[in-house]
file query.cif (mmCIF, C-alpha atoms)
data_structure
loop_
_atom_site.label_atom_id
_atom_site.label_comp_id
_atom_site.auth_asym_id
_atom_site.auth_seq_id
_atom_site.Cartn_x
_atom_site.Cartn_y
_atom_site.Cartn_z
CA MET A 199 163.92 100.26 -15.79
CA LYS A 200 160.98 97.91 -16.22
CA ARG A 201 157.54 99.39 -16.85
CA LYS A 202 156.13 97.66 -13.75
CA THR A 203 158.80 99.22 -11.52
CA VAL A 204 158.10 102.68 -12.94
CA VAL A 205 154.39 102.26 -12.26
CA VAL A 206 155.05 101.19 -8.63
CA ILE A 207 157.40 104.14 -8.00
CA ALA A 208 154.94 106.57 -9.55
CA SER A 209 152.06 105.26 -7.45
CA TYR A 210 154.11 105.52 -4.25
CA THR A 211 155.19 109.03 -5.20
CA LEU A 212 151.62 110.11 -5.88
CA THR A 213 150.48 108.57 -2.60
CA ALA A 214 153.24 110.36 -0.69
CA LEU A 215 152.37 113.66 -2.38
CA ALA A 216 148.73 113.14 -1.55
CA LEU A 217 149.58 112.44 2.09
CA LEU A 218 151.83 115.49 2.27
CA GLY A 219 149.13 117.57 0.67
CA GLY A 220 146.57 116.26 3.13
CA ILE A 221 148.84 117.01 6.08
CA ALA A 222 149.54 120.51 4.75
CA TRP A 223 145.82 121.15 4.25
CA SER A 224 145.06 119.80 7.73
CA ASN A 225 147.71 122.05 9.29
CA TYR A 226 146.38 125.00 7.29
CA ARG A 227 142.85 124.32 8.53
CA LYS A 228 144.11 123.96 12.13
CA ALA A 229 145.96 127.25 11.82
CA GLN A 230 142.80 128.89 10.48
CA ASP A 231 140.72 127.37 13.26
CA TYR A 232 143.23 128.50 15.88
CA GLU A 233 143.24 132.03 14.46
CA LEU A 234 139.46 132.07 14.51
CA GLN A 235 139.45 130.87 18.11
CA LEU A 236 141.86 133.66 19.06
CA GLU A 237 139.72 136.27 17.34
CA ASN A 238 136.66 134.92 19.14
CA THR A 239 138.53 135.11 22.46
CA TYR A 240 139.38 138.75 21.74
CA HIS A 241 135.77 139.41 20.81
CA HIS A 242 134.52 137.79 24.02
CA ALA A 243 137.02 139.75 26.17
CA PHE A 244 136.09 143.01 24.46
CA THR A 245 132.37 142.35 24.92
CA GLU A 246 132.96 141.56 28.62
CA LEU A 247 134.96 144.76 29.00
CA VAL A 248 132.22 146.90 27.45
CA SER A 249 129.61 145.22 29.65
CA SER A 250 131.65 145.46 32.87
CA VAL A 251 132.56 149.13 32.39
CA GLY A 252 128.90 149.93 31.64
CA GLU A 253 127.83 148.18 34.85
CA LEU A 254 130.66 149.91 36.73
CA ASP A 255 129.32 153.24 35.50
CA THR A 256 125.82 152.34 36.70
CA SER A 257 127.03 151.21 40.12
CA LEU A 258 129.12 154.35 40.59
CA GLN A 259 126.04 156.47 39.90
CA LYS A 260 124.22 154.62 42.67
CA THR A 261 126.95 155.52 45.19
CA LEU A 262 126.16 159.20 44.68
CA TYR A 263 122.75 158.79 46.27
CA ALA A 264 123.26 156.01 48.83
CA ASN A 265 122.32 157.80 52.04
CA THR A 266 123.06 155.21 54.73
CA PRO A 267 126.26 153.31 55.57
CA ALA A 268 124.49 149.98 54.99
CA LEU A 269 123.40 150.86 51.45
CA MET A 270 126.72 152.55 50.66
CA GLY A 271 128.57 149.40 51.74
CA SER A 272 126.36 147.25 49.51
CA VAL A 273 126.74 149.51 46.45
CA CYS A 274 130.51 149.92 46.93
CA THR A 275 130.86 146.15 47.07
CA GLU A 276 129.00 146.07 43.76
CA VAL A 277 131.41 148.66 42.31
CA TYR A 278 134.38 146.60 43.47
CA GLY A 279 133.00 143.46 41.79
CA LYS A 280 132.41 145.25 38.47
CA ALA A 281 135.92 146.71 38.58
CA MET A 282 137.38 143.23 39.10
CA SER A 283 135.41 141.93 36.10
CA ALA A 284 136.68 144.81 33.94
CA GLN A 285 140.27 144.15 35.04
CA TYR A 286 139.95 140.49 34.10
CA ALA A 287 138.55 141.37 30.68
CA LEU A 288 141.45 143.79 30.10
CA SER A 289 143.95 141.04 30.94
CA GLU A 290 142.45 138.92 28.13
CA MET A 291 142.92 141.59 25.48
CA PRO A 292 145.32 140.71 22.62
CA PHE A 293 148.00 143.31 23.28
CA SER A 294 150.39 144.41 25.98
CA GLY A 295 149.00 146.14 29.05
CA TYR A 296 151.11 149.24 28.53
CA LYS A 297 148.79 150.11 25.65
CA PHE A 298 146.01 150.94 28.12
CA GLN A 299 147.79 152.11 31.28
CA ASN A 300 145.38 154.99 31.92
CA MET A 301 142.34 152.73 31.64
CA THR A 302 143.89 150.04 33.82
CA ARG A 303 144.97 152.55 36.46
CA PHE A 304 141.51 154.12 36.53
CA ILE A 305 139.61 150.84 36.86
CA THR A 306 142.02 149.54 39.51
CA GLN A 307 141.78 152.75 41.51
CA VAL A 308 137.96 152.78 41.33
CA GLY A 309 137.82 149.23 42.69
CA ASP A 310 140.30 149.96 45.46
CA TYR A 311 138.57 153.21 46.46
CA ALA A 312 135.20 151.46 46.57
CA TYR A 313 136.71 148.70 48.72
CA MET A 314 137.97 151.33 51.17
CA LEU A 315 134.56 153.00 51.34
CA SER A 316 132.83 149.65 51.88
CA LYS A 317 135.10 148.99 54.88
CA LYS A 318 134.25 152.40 56.34
CA ALA A 319 130.56 151.76 55.74
CA GLY A 320 130.90 148.40 57.48
CA ALA A 321 132.17 150.28 60.53
CA GLY A 322 129.09 152.52 60.40
CA THR A 323 130.79 155.58 58.88
CA ALA A 324 128.98 157.41 56.09
CA ALA A 325 130.80 158.97 53.13
CA GLY A 326 131.79 162.60 53.69
CA GLU A 327 131.70 165.58 51.34
CA GLU A 328 135.21 164.98 50.00
CA GLU A 329 134.47 161.32 49.31
CA HIS A 330 131.19 162.23 47.61
CA GLY A 331 133.05 164.70 45.41
CA ASN A 332 135.57 162.00 44.46
CA LEU A 333 132.74 159.62 43.57
CA VAL A 334 131.17 162.28 41.35
CA LYS A 335 134.43 162.67 39.41
CA LEU A 336 134.97 158.92 39.16
CA SER A 337 131.40 158.48 37.92
CA GLU A 338 131.87 161.15 35.26
CA THR A 339 135.05 159.47 34.02
CA ALA A 340 133.38 156.04 33.99
CA SER A 341 130.50 157.46 31.92
CA VAL A 342 132.92 158.84 29.33
CA LEU A 343 134.85 155.57 29.20
CA SER A 344 131.66 153.52 28.85
CA ALA A 345 130.41 155.75 26.03
CA ASN A 346 133.72 155.45 24.18
CA LEU A 347 133.76 151.65 24.48
CA ASN A 348 130.17 151.38 23.30
CA GLN A 349 130.99 153.57 20.31
CA LEU A 350 133.96 151.35 19.51
CA MET A 351 131.72 148.29 19.64
CA ALA A 352 129.27 149.98 17.30
CA ASP A 353 132.14 150.75 14.92
CA THR A 354 133.04 147.05 14.74
CA GLY A 355 129.57 146.06 13.60
CA ASN A 356 128.36 145.05 17.07
CA ALA A 357 128.94 141.38 16.28
CA ASN A 358 128.09 139.98 19.67
CA VAL A 359 127.76 136.25 18.98
CA PRO A 360 129.05 133.88 21.66
CA ALA A 361 130.78 130.80 20.28
CA GLU A 362 129.94 127.32 21.50
CA ASN A 363 131.78 125.42 18.75
CA MET A 364 133.85 125.94 15.61
CA ASP A 365 130.81 126.65 13.46
CA ASP A 366 129.92 129.50 15.82
CA VAL A 367 133.49 130.76 15.68
CA THR A 368 133.34 130.85 11.89
CA ASP A 369 129.99 132.63 11.98
CA ALA A 370 131.30 135.19 14.46
CA ALA A 371 134.40 135.80 12.37
CA ALA A 372 132.27 136.24 9.27
CA GLN A 373 130.11 138.83 11.03
CA LEU A 374 133.14 140.64 12.35
CA GLY A 375 134.80 140.75 8.94
CA SER A 376 137.70 143.16 9.17
CA GLY A 377 136.15 144.96 12.12
CA LEU A 378 137.23 143.48 15.45
CA THR A 379 140.81 142.40 14.86
CA SER A 380 143.69 142.68 17.29
CA ASP A 381 145.28 145.45 15.21
CA PHE A 382 142.01 147.39 15.10
CA LEU A 383 141.55 147.05 18.86
CA GLU A 384 145.13 148.05 19.58
CA ASN A 385 144.87 151.17 17.45
CA SER A 386 141.50 152.08 18.92
CA PHE A 387 142.71 151.65 22.49
CA SER A 388 145.78 153.76 21.73
CA VAL A 389 143.47 156.60 20.62
CA MET A 390 141.35 156.22 23.77
CA GLU A 391 144.50 156.30 25.91
CA GLU A 392 145.59 159.56 24.33
CA GLU A 393 142.16 161.10 24.90
CA PHE A 394 141.55 159.56 28.34
CA PRO A 395 139.85 162.11 30.62
CA GLU A 396 141.74 163.46 33.60
CA THR A 397 141.05 161.43 36.73
CA PRO A 398 140.83 162.92 40.24
CA SER A 399 143.71 162.64 42.70
CA LEU A 400 142.43 160.36 45.44
CA ILE A 401 144.09 160.53 48.83
CA TYR A 402 142.93 157.62 50.97
CA ASP A 403 144.21 154.60 52.84
CA GLY A 404 144.80 152.24 49.94
CA PRO A 405 147.65 150.98 47.72
CA PHE A 406 146.48 153.05 44.74
CA SER A 407 146.13 156.33 46.57
CA SER A 408 147.66 159.26 44.68
CA HIS A 409 149.81 160.24 47.67
CA ILE A 410 151.88 157.05 47.32
CA LEU A 411 153.23 158.19 43.95
CA GLY A 412 154.59 161.30 45.62
CA MET A 413 156.13 159.60 48.66
CA THR A 414 159.74 160.47 49.38
CA PRO A 415 162.16 158.56 51.63
CA LYS A 416 161.75 159.83 55.19
CA MET A 417 165.26 158.76 56.16
CA LEU A 418 166.79 160.93 53.42
CA GLU A 419 164.99 164.16 54.28
CA GLY A 420 167.55 166.94 54.72
CA LYS A 421 170.45 164.78 53.53
CA GLU A 422 173.01 166.08 51.04
CA GLU A 423 173.49 164.40 47.66
CA VAL A 424 176.69 162.36 47.33
CA THR A 425 178.87 162.13 44.24
CA GLN A 426 179.16 158.98 42.15
CA GLN A 427 182.68 158.42 43.49
CA GLU A 428 181.55 158.82 47.10
CA ALA A 429 178.73 156.35 46.49
CA LEU A 430 181.16 153.87 44.93
CA GLU A 431 183.41 154.02 47.99
CA LYS A 432 180.45 153.51 50.33
CA ALA A 433 179.29 150.51 48.27
CA ALA A 434 182.75 148.92 48.34
CA ASP A 435 183.09 149.41 52.10
CA PHE A 436 179.60 148.06 52.80
CA MET A 437 180.21 144.74 51.00
CA ASP A 438 183.95 144.55 51.72
CA ILE A 439 184.89 144.74 48.04
CA SER A 440 187.92 146.47 46.59
CA VAL A 441 187.11 149.85 45.05
CA LYS A 442 189.33 148.85 42.12
CA ILE A 443 187.00 146.08 40.89
CA LEU A 444 183.70 147.88 41.52
CA LYS A 445 182.24 149.45 38.37
CA PHE A 446 179.47 151.99 37.75
CA SER A 447 176.46 150.50 35.89
CA GLY A 448 173.98 153.38 35.80
CA GLU A 449 171.45 155.41 37.75
CA ARG A 450 167.79 154.94 38.64
CA GLU A 451 165.44 157.82 39.31
CA GLY A 452 161.96 157.76 40.83
CA ASN A 453 161.00 158.18 44.49
CA LEU A 454 164.33 156.76 45.62
CA PRO A 455 167.11 157.77 43.19
CA VAL A 456 170.21 155.55 43.36
CA TYR A 457 173.62 154.96 41.83
CA MET A 458 174.14 151.35 40.70
CA PHE A 459 177.43 149.42 40.80
CA TYR A 460 178.58 145.87 40.15
CA ALA A 461 181.66 143.69 40.57
CA ASN A 462 182.64 140.11 39.86
CA ALA A 463 183.54 138.88 43.34
CA ASP A 464 182.99 136.01 45.79
CA GLY A 465 182.03 133.61 43.05
CA GLY A 466 179.28 135.71 41.51
CA THR A 467 178.23 139.15 40.34
CA VAL A 468 177.67 141.54 43.24
CA SER A 469 175.16 144.32 42.49
CA ILE A 470 174.89 147.31 44.84
CA GLU A 471 172.52 150.29 44.89
CA VAL A 472 173.41 153.45 46.84
CA SER A 473 170.99 156.31 47.45
CA LYS A 474 172.00 159.59 45.81
CA LYS A 475 170.94 161.46 48.92
CA GLY A 476 172.85 160.47 52.03
CA GLY A 477 174.80 157.68 50.32
CA TYR A 478 172.99 154.79 52.02
CA VAL A 479 173.17 151.27 50.61
CA VAL A 480 169.60 150.44 49.63
CA ALA A 481 170.21 146.96 48.25
CA ALA A 482 173.09 144.57 47.58
CA PHE A 483 172.96 141.05 46.13
CA ASN A 484 175.45 138.38 45.10
CA SER A 485 174.27 136.23 42.18
CA ARG A 486 176.29 133.15 43.09
CA ILE A 487 174.45 129.87 43.64
CA VAL A 488 174.69 128.54 47.18
CA GLU A 489 175.00 124.83 46.50
CA LYS A 490 174.92 123.35 50.01
CA SER A 491 174.03 124.04 53.62
CA VAL A 492 176.59 123.28 56.32
CA MET A 493 175.59 125.61 59.15
CA GLU A 494 172.62 125.98 61.47
CA ALA A 495 170.03 128.70 60.89
CA GLU A 496 170.58 130.00 64.44
CA ASP A 497 174.28 130.63 63.76
CA ALA A 498 173.50 132.30 60.42
CA SER A 499 170.92 134.49 62.14
CA LYS A 500 173.55 135.72 64.60
CA ILE A 501 175.84 136.56 61.67
CA ALA A 502 173.05 138.66 60.15
CA GLN A 503 172.50 140.47 63.46
CA ARG A 504 176.21 141.25 63.85
CA PHE A 505 176.38 142.46 60.24
CA LEU A 506 173.60 144.98 60.85
CA GLU A 507 175.20 146.25 64.04
CA LYS A 508 178.54 146.65 62.25
CA LYS A 509 176.85 148.66 59.48
CA GLY A 510 175.25 151.04 61.97
CA TYR A 511 171.74 149.60 62.23
CA LYS A 512 170.94 149.77 65.94
CA ASN A 513 167.91 148.55 67.90
CA MET A 514 166.90 146.01 65.25
CA THR A 515 164.59 143.17 66.33
CA LYS A 516 164.48 139.90 64.43
CA SER A 517 160.94 139.06 63.37
CA TYR A 518 160.86 136.08 61.02
CA GLU A 519 163.28 134.05 58.95
CA ILE A 520 163.08 131.52 56.15
CA ILE A 521 165.53 129.17 54.41
CA ASP A 522 165.37 128.95 50.62
CA ARG A 523 168.02 127.54 48.26
CA ASN A 524 170.53 127.12 51.07
CA THR A 525 170.21 130.79 52.00
CA LEU A 526 168.73 132.16 55.22
CA THR A 527 166.66 135.34 54.87
CA VAL A 528 166.24 137.19 58.17
CA ASN A 529 163.72 140.02 58.57
CA PHE A 530 164.58 142.75 61.07
CA ALA A 531 162.41 145.66 62.23
CA TYR A 532 163.48 148.77 64.09
CA THR A 533 162.45 148.96 67.75
CA GLU A 534 161.88 152.22 69.62
CA ASN A 535 161.05 152.26 73.34
CA GLU A 536 160.03 148.59 73.16
CA VAL A 537 157.66 149.30 70.27
CA ILE A 538 158.42 147.30 67.11
CA CYS A 539 158.22 149.52 64.01
CA TYR A 540 157.48 147.09 61.18
CA PRO A 541 157.58 149.68 58.36
CA ASP A 542 161.34 150.10 59.10
CA LEU A 543 162.18 146.72 57.62
CA VAL A 544 165.61 145.35 56.70
CA LYS A 545 166.30 141.93 55.16
CA VAL A 546 169.68 140.19 55.40
CA TYR A 547 170.54 137.10 53.33
CA VAL A 548 173.19 134.68 54.66
CA ALA A 549 174.73 131.82 52.62
CA LEU A 550 174.54 128.61 54.64
CA ASP A 551 177.65 127.16 52.99
CA SER A 552 180.05 129.90 54.11
CA GLY A 553 178.18 132.24 56.46
CA LYS A 554 178.84 135.17 54.14
CA ILE A 555 176.31 137.92 53.49
CA VAL A 556 174.90 137.42 49.97
CA GLY A 557 172.05 139.87 50.12
CA PHE A 558 170.84 143.02 51.84
CA GLU A 559 167.59 144.91 51.31
CA ALA A 560 166.72 148.14 53.11
CA GLN A 561 164.26 150.01 50.90
CA GLY A 562 161.50 149.76 53.53
CA TYR A 563 163.84 151.15 56.18
CA VAL A 564 165.10 154.03 54.00
CA MET A 565 161.57 154.96 52.91
CA ASN A 566 160.01 154.88 56.39
CA HIS A 567 162.62 155.34 59.13
CA THR A 568 162.21 158.60 61.01
CA ASP A 569 162.03 159.97 64.55
CA ARG A 570 158.52 158.95 65.54
CA ASP A 571 156.28 160.31 68.22
CA ILE A 572 154.86 157.03 69.51
CA PRO A 573 151.26 157.70 70.58
CA VAL A 574 149.99 157.13 74.08
CA VAL A 575 148.35 153.76 74.67
CA GLU A 576 144.67 154.62 75.03
CA ILE A 577 143.35 151.04 74.99
CA SER A 578 144.76 148.77 77.69
CA ARG A 579 146.19 145.37 76.88
CA GLU A 580 143.26 143.72 78.65
CA ASP A 581 140.64 145.67 76.70
CA ALA A 582 142.49 145.04 73.42
CA GLN A 583 142.80 141.33 74.15
CA SER A 584 139.05 141.14 74.65
CA LYS A 585 138.74 141.93 70.91
CA VAL A 586 140.66 138.76 69.99
CA SER A 587 138.51 135.85 68.85
CA PRO A 588 137.49 133.47 71.65
CA TYR A 589 138.58 130.65 69.32
CA LEU A 590 142.21 131.78 69.71
CA SER A 591 144.50 131.49 72.74
CA VAL A 592 146.90 134.41 73.27
CA LEU A 593 150.54 133.30 73.60
CA SER A 594 152.37 136.64 73.74
CA HIS A 595 151.90 140.41 73.50
CA GLU A 596 153.91 143.28 72.04
CA LEU A 597 153.30 146.88 71.06
CA ALA A 598 153.91 147.58 67.38
CA VAL A 599 153.59 150.13 64.60
CA ILE A 600 152.29 148.46 61.44
CA PRO A 601 151.87 149.81 57.91
CA THR A 602 148.45 150.03 56.29
CA SER A 603 147.84 149.25 52.62
CA GLY A 604 147.99 152.99 51.91
CA LYS A 605 151.47 153.39 53.44
CA TYR A 606 150.14 155.02 56.58
CA GLU A 607 150.96 153.69 60.04
CA VAL A 608 148.84 152.38 62.91
CA PHE A 609 149.90 151.91 66.55
CA CYS A 610 148.69 148.51 67.74
CA HIS A 611 148.69 145.79 70.32
CA GLU A 612 150.20 142.69 68.71
CA PHE A 613 148.90 139.35 69.96
CA LYS A 614 150.50 136.10 68.86
CA CYS A 615 147.80 133.43 69.12
CA GLU A 616 147.16 129.73 68.64
CA ASN A 617 144.04 127.90 67.55
CA GLY A 618 142.84 124.45 68.55
CA ASP A 619 144.88 122.76 65.83
CA GLY A 620 148.13 124.35 66.93
CA SER A 621 148.26 126.84 64.03
CA HIS A 622 149.54 130.30 64.85
CA TYR A 623 148.08 133.71 64.05
CA ILE A 624 148.88 137.34 64.81
CA VAL A 625 146.08 139.73 65.65
CA TYR A 626 146.59 143.50 65.65
CA VAL A 627 144.25 145.71 67.68
CA ASN A 628 144.51 149.51 67.40
CA ALA A 629 146.03 150.82 70.66
CA GLU A 630 144.27 154.18 70.25
CA THR A 631 140.78 153.18 69.10
CA GLY A 632 140.41 149.49 69.95
CA ALA A 633 139.55 148.56 66.36
CA GLU A 634 140.73 145.17 65.11
CA GLU A 635 143.14 146.18 62.34
CA LYS A 636 144.67 143.05 60.83
CA ILE A 637 145.05 139.27 61.15
CA LEU A 638 148.09 137.40 59.83
CA ILE A 639 148.55 133.66 59.45
CA LEU A 640 151.95 132.22 60.33
CA LEU A 641 153.12 129.46 57.98
CA GLU A 642 155.74 127.52 59.93
CA ASP A 643 157.86 124.54 58.91
CA GLU A 644 161.43 123.28 59.24
CA ASN A 645 162.63 126.03 56.88
CA GLY A 646 161.28 128.93 58.92
CA THR A 647 158.21 131.17 59.09
CA LEU A 648 156.22 133.17 56.56
CA THR A 649 153.29 135.50 57.23
CA ILE A 650 150.26 135.87 54.97
#
call {"tool": "encode", "arguments": {"input": "query.cif", "output": "structure tokens"}}
result
Amino acid sequence: MKRKTVVVIASYTLTALALLGGIAWSNYRKAQDYELQLENTYHHAFTELVSSVGELDTSLQKTLYANTPALMGSVCTEVYGKAMSAQYALSEMPFSGYKFQNMTRFITQVGDYAYMLSKKAGAGTAAGEEEHGNLVKLSETASVLSANLNQLMADTGNANVPAENMDDVTDAAAQLGSGLTSDFLENSFSVMEEEFPETPSLIYDGPFSSHILGMTPKMLEGKEEVTQQEALEKAADFMDISVKILKFSGEREGNLPVYMFYANADGGTVSIEVSKKGGYVVAAFNSRIVEKSVMEAEDASKIAQRFLEKKGYKNMTKSYEIIDRNTLTVNFAYTENEVICYPDLVKVYVALDSGKIVGFEAQGYVMNHTDRDIPVVEISREDAQSKVSPYLSVLSHELAVIPTSGKYEVFCHEFKCENGDGSHYIVYVNAETGAEEKILILLEDENGTLTI
């Protein structure tokens, strides 16, 4: 090989190596920068958490001495805002949420409880002795949590330097050293979880009330437990599947213990859950994809109604329905003495290519259905309707039992209304007290109706 050729090859090789080296160095620097940015994000989230919990502690202390509904409402709104900020900061932390379940549950419950108290204060009701006692306990727990977080920040060197650019990120990382790393935080939070103080059991009308954890299915009260074989036979009969192809897949405990079964049938995998007590089908779904729609929603809705009647669900009133992926979902609620009981909810899914039932969901019905003593209507329809906004026109009226966020029930007048633009709303007015309980917006299109 000629000397000139060797020189050319060598120069190209060196150039290529230099380029590769430059690319490698650039990628290394980018990786370092990215890691520094992540660490700074963790640092910022941790700092926000410490700050928010400290402010939450301060606001809770104020609630202990707010002596009028107006001031209590204002302070509880403040507590709610600080709890939301703390929740957001927790969501930004660099490890899975299960690592701080106690902390998350506490902060969420504080915010929800404060929201409930602010609503009561807005109605002119002052906090009672029991509520004051709950606030004392919540405040004590918040003080302990705030002190622990502040101590953890002190242990990391208290490097509280916000980053505006990469130079700031580098400076912050240098100050943090080996202190505030994701591993360090994870280990520290694990210790705090283990030593988390006992929180009070709060019974109130909210989704995080302690009583919800202990709820048992009303429909199953007094029912005998069925065997696995009996449950299998009930599952097969309910979905018209041969017992021979239905297989046991496990059990689930909790508030509503069930046996679980599955079978390959009707073009998909059919999964069925049967309650251990009473042997009621709680849920059933077929995984097959419904590829086309060849029937009208009205006809499919009638199929769903007949299916429920055949399975022993009487006095069910259709509320709303929606088409999604060529499947019609119909919501039914139990009706007693012309009063619609919305907690007793059943959903039926009908495939629009064949008219077959591809889904059934009755957890709401099983959890809530019982012999109710419907209260006497204390507030007349006319008086209740006077509470509806003058900017809405009332189209229809029903009596209904609706669930609250805390899984309680309220007896109401239900008014379906329309505004000036033709949009529809539902307004619920308490039939015993006259209080306006809830407003729902109806989202209607060619595929059906949703409520929000």
call {"tool": "residues_around", "arguments": {"input": "query.cif", "residues": "region 400-403 of chain A", "least_positions_apart": "3", "cutoff": "12 Å", "atoms": "all atoms listed in the file", "output": "PyMOL selection string"}}
result
chain A and resi 304+307-308+310-315+317-318+328-333+335-336+397+406-412+601-608
call {"tool": "resolve_selection", "arguments": {"input": "query.cif", "expression": "the PyMOL selection byres ((chain A and resi 489-504) around 8)", "output": "list of chain:residue names"}}
result
A:Ile487, A:Val488, A:Phe505, A:Leu506, A:Glu507, A:Lys508, A:Ile521, A:Arg523, A:Asn524, A:Thr525, A:Leu526, A:Val528, A:Val546, A:Tyr547, A:Val548, A:Ala549, A:Leu550, A:Asp551, A:Ser552, A:Gly553, A:Ile555
call {"tool": "atom_distance", "arguments": {"input": "query.cif", "atom1": "CA of Ser250 (chain A)", "atom2": "CA of Thr323 (chain A)"}}
result
27.9 Å
call {"tool": "residues_near_point", "arguments": {"input": "query.cif", "point": "(169.4, 160.3, 48.2)", "cutoff": "10 Å", "atoms": "only C-alpha atoms", "output": "PyMOL selection string"}}
result
chain A and resi 414-415+417-424+453-457+472-478+480+564
call {"tool": "resolve_selection", "arguments": {"input": "query.cif", "expression": "the PyMOL selection byres ((chain A and resi 253) around 10)", "output": "list in words"}}
result
Leu247, Val248, Ser249, Ser250, Val251, Gly252, Leu254, Asp255, Thr256, Ser257, Leu258, Gln259, Glu276, Val277, Gly279, Lys280, Ala281, Ser283, Ala284, Ala340 and Ser344 of chain A
call {"tool": "atom_distance", "arguments": {"input": "query.cif", "atom1": "CA of Thr467 (chain A)", "atom2": "CA of Gln561 (chain A)"}}
result
20.6 Å
call {"tool": "closest_residue", "arguments": {"input": "query.cif", "among": "A:Lys516, A:Lys614, A:Lys585, A:His595", "to": "Asn628 (chain A)", "atoms": "only C-alpha atoms"}}
result
A:Lys585
call {"tool": "residues_around", "arguments": {"input": "query.cif", "residues": "Leu593 (chain A)", "least_positions_apart": "2", "cutoff": "12 Å", "atoms": "all atoms listed in the file", "output": "list in words"}}
result
Gln583, Val586, Leu590, Ser591, His595, Glu596, Glu612, Phe613, Lys614, Cys615, Glu616, Asn617, Gly620, Ser621, His622, Tyr623, Ile624 and Val625 of chain A
call {"tool": "resolve_selection", "arguments": {"input": "query.cif", "expression": "the PyMOL selection byres ((chain A and resi 324) around 8)", "output": "PyMOL selection string"}}
result
chain A and resi 265-267+270+318-319+322-323+325-326
call {"tool": "axis_aligned_box", "arguments": {"input": "query.cif", "around": "region 510-515 of chain A", "padding_each_side": "8 Å", "output": "lines of an AutoDock Vina configuration file"}}
result
center_x = 169.9
center_y = 147.1
center_z = 64.9
size_x = 26.7
size_y = 23.9
size_z = 21.9
call {"tool": "closest_residue", "arguments": {"input": "query.cif", "among": "A:Met437, A:Leu543, A:Val575, A:Val556", "to": "Lys509 (chain A)", "atoms": "all atoms listed in the file"}}
result
A:Met437
call {"tool": "closest_residue", "arguments": {"input": "query.cif", "among": "A:Thr245, A:Ala321, A:Asn645, A:Asn385", "to": "Leu347 (chain A)", "atoms": "all atoms listed in the file"}}
result
A:Thr245
call {"tool": "closest_residue", "arguments": {"input": "query.cif", "among": "A:Ile650, A:Ile520, A:Ala463, A:Leu640", "to": "Asp438 (chain A)", "atoms": "all atoms listed in the file"}}
result
A:Ala463
call {"tool": "atom_distance", "arguments": {"input": "query.cif", "atom1": "CA of Ile572 (chain A)", "atom2": "CA of Lys512 (chain A)"}}
result
18.0 Å
call {"tool": "residues_around", "arguments": {"input": "query.cif", "residues": "Pro541 (chain A)", "least_positions_apart": "4", "cutoff": "9 Å", "atoms": "only C-alpha atoms", "output": "short mmCIF file (atom, residue, chain, number, x, y, z; two decimals) with C-alpha atoms, in the frame of the given file"}}
result
data_model
loop_
_atom_site.label_atom_id
_atom_site.label_comp_id
_atom_site.auth_asym_id
_atom_site.auth_seq_id
_atom_site.Cartn_x
_atom_site.Cartn_y
_atom_site.Cartn_z
CA ALA A 531 162.41 145.66 62.23
CA TYR A 532 163.48 148.77 64.09
CA GLY A 562 161.50 149.76 53.53
CA TYR A 563 163.84 151.15 56.18
CA MET A 565 161.57 154.96 52.91
CA ASN A 566 160.01 154.88 56.39
CA HIS A 567 162.62 155.34 59.13
CA VAL A 599 153.59 150.13 64.60
CA ILE A 600 152.29 148.46 61.44
CA PRO A 601 151.87 149.81 57.91
CA LYS A 605 151.47 153.39 53.44
CA GLU A 607 150.96 153.69 60.04
#
